[in-house]
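Trainee: Dropping the structure in here first, questions after.
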Amino acid sequence: MATVRKLIVEVIDARNLLPKDGHGTSSPYAVLDFYGQRRKTRTVIRDLNPAWNETLEFNVGKTSDVFGDMLEIDLFHDRNVGPTTRNNFLGRVRLSSRQFVKKGEEALIYYTLEKKNLFSWIQGEIGLKIYFFDDVVPPPAPPPPPTPPPAEEVKPEATPPAPAPAPAEAPPESSVPPSDPPPAELGKTETPPEPPSDGDKPNEEPPSAPPAEATPPPPPDEAEQHQPETKPQEESNPVEPTPQQPIHPDHVMASIASRTPFEVKVNKINPPQPISRASSVSSFVSDISDRTTIERPCTFDLVEKMHYLFVRVVKARSLPTMGKPVVKIDVSGCHVISKPARKTTFFEWDQTFAFSHDSPDYSSRLEVSVWDPVCSIPFGPTPDVAGHDFLGGVCFDVSEIPLRDPPDSPLATQWYRLEEGGANKGDLMLATWLGTQADESFPDAWKTDTAGNPNSQSKIYQSPKLWYLRSTIIEAQDISLLAPSKEISYQIKVQLGFQVLKTKFVVTSNGAPSWNEDLIFVAAEPFSEHHLIFSLIQKRPPKEQVVMGVASMPLTSIERRVDDRNVVSRWFTLEAPGEEKRVYRGRVHLRLCFDGGYHVMDEGAHMCSDYRPTARQLWKPPIGTVELGIIGCKNLLPMKTINGKGSTDAYAVAKYGSKWIRTRTISDSLDPKWNEQYTWRVYDPSTVLTIGVFDSWEVFEMDGYKEATRSDLRIGKVRIRISTLTMGKVYRNTFPLLFLSQAGLKKMGEIELAVRFIRATPTLDLLHVYSQPLLPIMHHLKPIGVVQQEALRVITVKIVAAHLSRSEPPLKLEVVTYMLDADSHTFSIRKVRANWFRIINVIAGVIDIFKWIDDTRAWKNSTATILVHALLVMLVWFPDLIMPTFAFYVFVMGAWNYRFRSKTSLPHLDPKISLADSIDREELDEEFDAMPCTRPNEGRAC
């Protein structure tokens with residue numbers, strides 16, 4: 001059934017409004033505008049903390065229009081209640097539709113009221129719940145079949161002028177379903193006057209319905225508005241067919257008769273003659289030099305264009321075989337065999353192949369042939385097709401194949417007559433063109449540089465939406481009957497998936513233990529398959545623990561909050577574990593909520609790529625976009641040895657925010673070239689873009705190697721901080737790939753990247769972002785401890801890795817953990833020494849300041865001493881110049897050091913700062929040794 005999206009706004013209340021009626025109070029009401037529609041709330045008489053609790057509904061247009069629209073809420077004082085003569089302005093809130101969520105994810109949020117202009121005096125906040133809702137529209141009732149007129153009325157000589165239809169012939173009003181009230185009347189319980197037209201609000205309301213060209217099919221209430229225009233016409237000519245009536249069979253036969261025989265009957269015995277190959281390609285541009293002059297810029301402007309010869313094999317017909325034929329493509333010494341055809345009306349393949357066109361030994365002849373297999377063959381490149389019957393082939397001159405560059409439309413497929421072989425009358429439908437990696441057929445095509453491995457395609461992954469689940473264990477009751485002893489210890493164990501947390505043991509004598517402890521879990525959407533399980537554990541001497549009762553809570557029923565407001569607590573019944581009948585074992589008092597005001601950390605705080613809270617309602621608009629072009633690697637080391645030959649099958653992974661990308665895997669190359677480009681939205685400039693390079697074993701899956709299940713090897717990693725990028729400038733640099741292992745620091749190769757940051761907001765808004773704290777406000781109102789935050793991050797990494805491993809192709813566990821630095825919290829002497837030297841460098845600056853003061857006091861530099869004394873005398877006489885002088889000094893030092901900034905290259909990992917290049921063998925063994933230690937003492941003293 002059809003659905004119409006609606007925006008639901010629940011106007012709850014407002015707090016701390018300004019008095020506007022001249023008697024220390026106000027009579028506020030709210031006016032909401034969205035998508036050309038206006039709604040009003042009722043007026044609350046003389047209340048600075050009004051409560052409306054009204055639900056207003058808006059129609060929503062197309063999705064592309066929704067994400068660019070704004071919801072505006074204006075508060076006014078009603079002039080009909082107070083002695084004022086105008087509707088005084090009380091505040092405004094403007095919200096982007098990007099902040100709205102679906103039904104079920106809404107939460108009560110208090111928005112601070114904003115000023116209309118610089119001279120407005122506004123204070124207070126308004127509480128709203130905003131969400132989208134898809135309303136099911138019932139299908140319209142089919143129109144009644146037209147009744148043919150009597151035979152005597154059809155005769156011309158007996159047909160009088162047609163009188164106007166009588167009112168009794170119209171359908172009765174009871175047959176028309178009652179319409180809903182117009183949108184302007186929804187949620188309207190009282191009709192306060194309109195705001196004046198002096199700049200606050202216009203007096204006339206715009207139409208409540210959105211424009212017809214920007215909205216889905218109108219709801220019933222809008223459809224009825226057009227009925228008076230069409231109804232008289234239908235009544236005046238009841239015999240005339242309407243557009244909803246079925247087409248007459250005579251019309252169908254007439255349209256079929258006008259078509260060609262090929263359009264009407266495809267499976268006839270003698271197929272039509274296909275278009276000649278010479279005429280099909282001669283009309284296109286045939287000179288390579290001409291092609292370069294007509295190329296247009298595409299989205300891949302940060303990387304180099306890689307030209308490929310694309311061959312799309314669709315289907316064949318009239319082949320003299322009952323088997324499953326295959327297609328062989330031969331170009332430049334590369335032989336590729338397609339998958340077996342699917343036998344339907346035709347022999348169908350629908351497969352695309354991409355051959356590199358930049359190799360120096362590229363030939364100018366393309367051969368496409370069809371073979372009838374006698375025995376099964378492996379798919380992919382094969383030197384011959386022995387044991388197959390040749391059914392026919394087609395030859396092309398590569399120099400005459402047309403060039404396609406997006407945004408050109410896809411090239412149309414064409415029938416070609418198969419020559420020679422056993423299919424004298426067979427035809428093959430295919431299309432051939434020259435394109436680049438920007439072609440939409442490129443990601444799913446068979447490529448020569450990936451050896452046809454289906455898991456080597458470039459993909460985009462999305463991290464799951466993560467929440468912090470706060471479970472507050474308050475107390476338990478009615479458990480004294482379980483253990484009549486005087487003093488017994490009780491504990492609550494809470495489990496969510498693989499996460500298990502426990503409270504402390506509480507000793508009680510009356511059977512009502514109290515804990516008041518907060519347990520925080522990490523939960524990932526969707527929540528439909530997860531339950532939060534509570535177990536009451538009783539501790540018996542000496543060390544026995546018995547589960548006395550169990551309670552289960554589905555995650556879908558837990559409330560979500562975005563601030564630190566108190567959530568209503570609930571009592572849950574404990575039942576006997578492992579019994580079919582429900583046996584009462586007491587009850588437990590809990591307070592559960594999803595904290596959407598936190599950012600769930602999956603990376604280290606100093607290398608994080610996103611600081612947004614979980615709740616979408618709290619997101620700020622993006623400040624720009626960052627574009628990354630992964631060009632390729634150089635001088636990679638062989639990572640594995642296959643049949644006595646070293647090889648590397650490299651692919652790159654980039655992560656920023658919740659978006660992951662993976663390039664295709666280049667097979668057996670120490671200098672792979674990807675030339676792929678990706679884009680991310682930036683919400684905070686103090687974030688980091690991470691790029692890692694790995695060696696894959698999946699390319700050996702087709703050959704049946706057991707090593708295909710091995711973990712992918714790490715090659716290196718690069719981090720780029722967004723705040724170091726000049727806006728609009730393209731950085732194209734080569735970064736070393738360094739990897740620290742038990743053998744020491746090793747350079748694995750180099751990676752070439754192109755980066756560009758494009759600003760989307762004004763300069764002042766961008767500078768304002770730097771003045772805001774990195775983490776959301778909830779991290780400061782109710783901070784999470786460092787130890788607990790690190791433990792939650794380890795759990796988050798496991799959840800993200802499990803989610804990405806379910807994709808196809810999967811993003812493996814070792815890749816996710818390396819990109820997220822899951823082992824960065826491990827202790828090592830090298831990190832301790834590196835941090836110590838950083839502290840010394842900071843203190844060294846303070847020591848230099850004291851040394852300079854002592855030298856000035858001792859008159860070691862007479863000129864500096866005289867100038868300092870003169871400055872001190874001036875500041876004593878004019879103390880107002882202390883802060884301006886200090887600010888001027890900071891400005892001068894910043895301007896002096898500005899000329900020493902890096903202008904050409906981006907900063908990258910310096911191994912000297914982390915002491916990775918000077919670490920000795922014993923410290924390496926200590927850093928990479930697992931816990932508990934597996935190394936022998938080697939003669940050390942106990």
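Ordering of the structure tokens sets the chain letters (A, B, ...); residue numbers start at 1 within each chain; ligands are numbered from 1 in the order shown.
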If you run DSSP on the backbone here, which positions in segment 585-673 of chain A get strand (DSSP E)? Please write them as a PyMOL selection string.
Mentor: chain A and resi 585-595+624-634+640-642+645-647+650-656+659-662+673
Trainee: When you look at segment 556-570 of chain A with a cut-off of 9 Å (counting only C-alpha atoms), what residues show up, excluding the ones that are within fewer than 3 positions of it in the same chain? I need them as an NGL selection string.
Mentor: :A and (104-109 or 472 or 474 or 526-528 or 530-531 or 553 or 588-598 or 613-615 or 617-618 or 777-778 or 781-782)
Trainee: Could you write out that same residue set with C-alpha atoms as a short mmCIF file (atom, residue, chain, number, x, y, z; two decimals), in the first residue's frame?
Mentor:
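Listed below is the output, selection-v2.cif:
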```
data_model
loop_
_atom_site.label_atom_id
_atom_site.label_comp_id
_atom_site.auth_asym_id
_atom_site.auth_seq_id
_atom_site.Cartn_x
_atom_site.Cartn_y
_atom_site.Cartn_z
CA GLY A 104 10.55 5.34 17.94
CA GLU A 105 13.84 7.25 18.13
CA GLU A 106 12.36 10.55 19.28
CA ALA A 107 13.28 12.11 22.61
CA LEU A 108 12.25 15.20 24.52
CA ILE A 109 14.80 17.96 23.85
CA THR A 472 20.86 1.72 37.34
CA ILE A 474 18.43 0.53 42.77
CA PRO A 526 18.84 -2.90 15.49
CA PHE A 527 17.64 -3.99 18.93
CA SER A 528 15.01 -6.50 17.85
CA HIS A 530 18.59 -8.52 22.03
CA HIS A 531 17.40 -8.69 25.61
CA MET A 553 13.95 -6.77 29.35
CA VAL A 588 13.99 -5.60 41.39
CA HIS A 589 13.86 -1.84 41.03
CA LEU A 590 15.68 -0.55 37.90
CA ARG A 591 16.16 2.63 35.91
CA LEU A 592 17.02 1.95 32.27
CA CYS A 593 17.72 4.36 29.44
CA PHE A 594 19.74 4.81 26.28
CA ASP A 595 22.05 7.81 26.64
CA GLY A 596 22.02 9.47 23.24
CA GLY A 597 23.93 12.52 24.46
CA TYR A 598 27.25 10.63 24.57
CA PRO A 613 26.63 12.26 19.91
CA THR A 614 24.53 9.24 19.14
CA ALA A 615 21.21 11.12 19.03
CA GLN A 617 18.71 15.48 17.06
CA LEU A 618 21.91 16.88 18.60
CA ILE A 777 28.04 18.16 26.70
CA MET A 778 26.99 14.92 28.42
CA LEU A 781 27.79 16.84 32.88
CA LYS A 782 28.16 13.15 33.78
#
```
Trainee: Could you give me, as an MDAnalysis selection string, the residues within 8 Å of Pro638 of chain A, counting only C-alpha atoms and dropping anything in the same chain fewer than 2 positions from it?
Mentor: chainID A and resid 636 640:641 646:648 670
Trainee: Since we have the selection now, will you write its residues out, keeping N, CA and C atoms, as a short mmCIF file (atom, residue, chain, number, x, y, z; two decimals), in the first residue's frame?
Mentor:
```
data_model
loop_
_atom_site.label_atom_id
_atom_site.label_comp_id
_atom_site.auth_asym_id
_atom_site.auth_seq_id
_atom_site.Cartn_x
_atom_site.Cartn_y
_atom_site.Cartn_z
N LEU A 636 56.61 -1.71 -2.38
CA LEU A 636 56.15 -2.56 -1.30
C LEU A 636 57.04 -3.79 -1.17
N LYS A 640 54.37 -12.39 1.28
CA LYS A 640 54.20 -13.84 1.37
C LYS A 640 54.92 -14.49 0.21
N THR A 641 55.15 -15.77 0.35
CA THR A 641 55.86 -16.54 -0.67
C THR A 641 54.95 -17.67 -1.12
N GLY A 646 57.97 -14.44 -4.10
CA GLY A 646 57.39 -13.45 -3.21
C GLY A 646 56.37 -12.59 -3.92
N SER A 647 55.28 -12.32 -3.24
CA SER A 647 54.22 -11.52 -3.86
C SER A 647 53.50 -10.73 -2.78
N THR A 648 52.75 -9.74 -3.22
CA THR A 648 51.93 -8.90 -2.35
C THR A 648 50.62 -8.60 -3.07
N LEU A 670 53.94 -5.19 -6.57
CA LEU A 670 54.64 -4.42 -5.55
C LEU A 670 54.46 -2.93 -5.74
#
```
Trainee: Please compute the atom CA of Leu775 of chain A-atom CA of Arg612 of chain A distance, one decimal, in Å.
Mentor: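 Separation between atom CA of Leu775 of chain A and atom CA of Arg612 of chain A: 7.4 Å.
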Trainee: Excluding Val303 of chain A and its own-chain neighbours fewer than 3 positions away, which residues fall within 9 Å of it when counting only C-alpha atoms? Please give them as a PyMOL selection string.
Mentor: chain A and resi 300+629-631+674-677+753-754
Trainee: Can I get the selected residues back with C-alpha atoms, as a JSON list (two decimals), in the first residue's frame?
Mentor:
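New file selection.json:
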```json
[["chain", "number", "residue", "atom", "x", "y", "z"],
["A", 300, "PHE", "CA", 37.77, 11.48, -10.14],
["A", 629, "GLY", "CA", 42.22, 10.09, -3.59],
["A", 630, "ILE", "CA", 44.08, 6.80, -3.06],
["A", 631, "ILE", "CA", 46.48, 6.76, -5.97],
["A", 674, "TRP", "CA", 44.13, 2.03, -7.36],
["A", 675, "ASN", "CA", 43.26, 5.62, -8.37],
["A", 676, "GLU", "CA", 40.03, 5.61, -6.40],
["A", 677, "GLN", "CA", 38.41, 8.67, -4.86],
["A", 753, "LEU", "CA", 47.55, 10.12, -1.52],
["A", 754, "ALA", "CA", 45.68, 13.22, -2.66]]
```
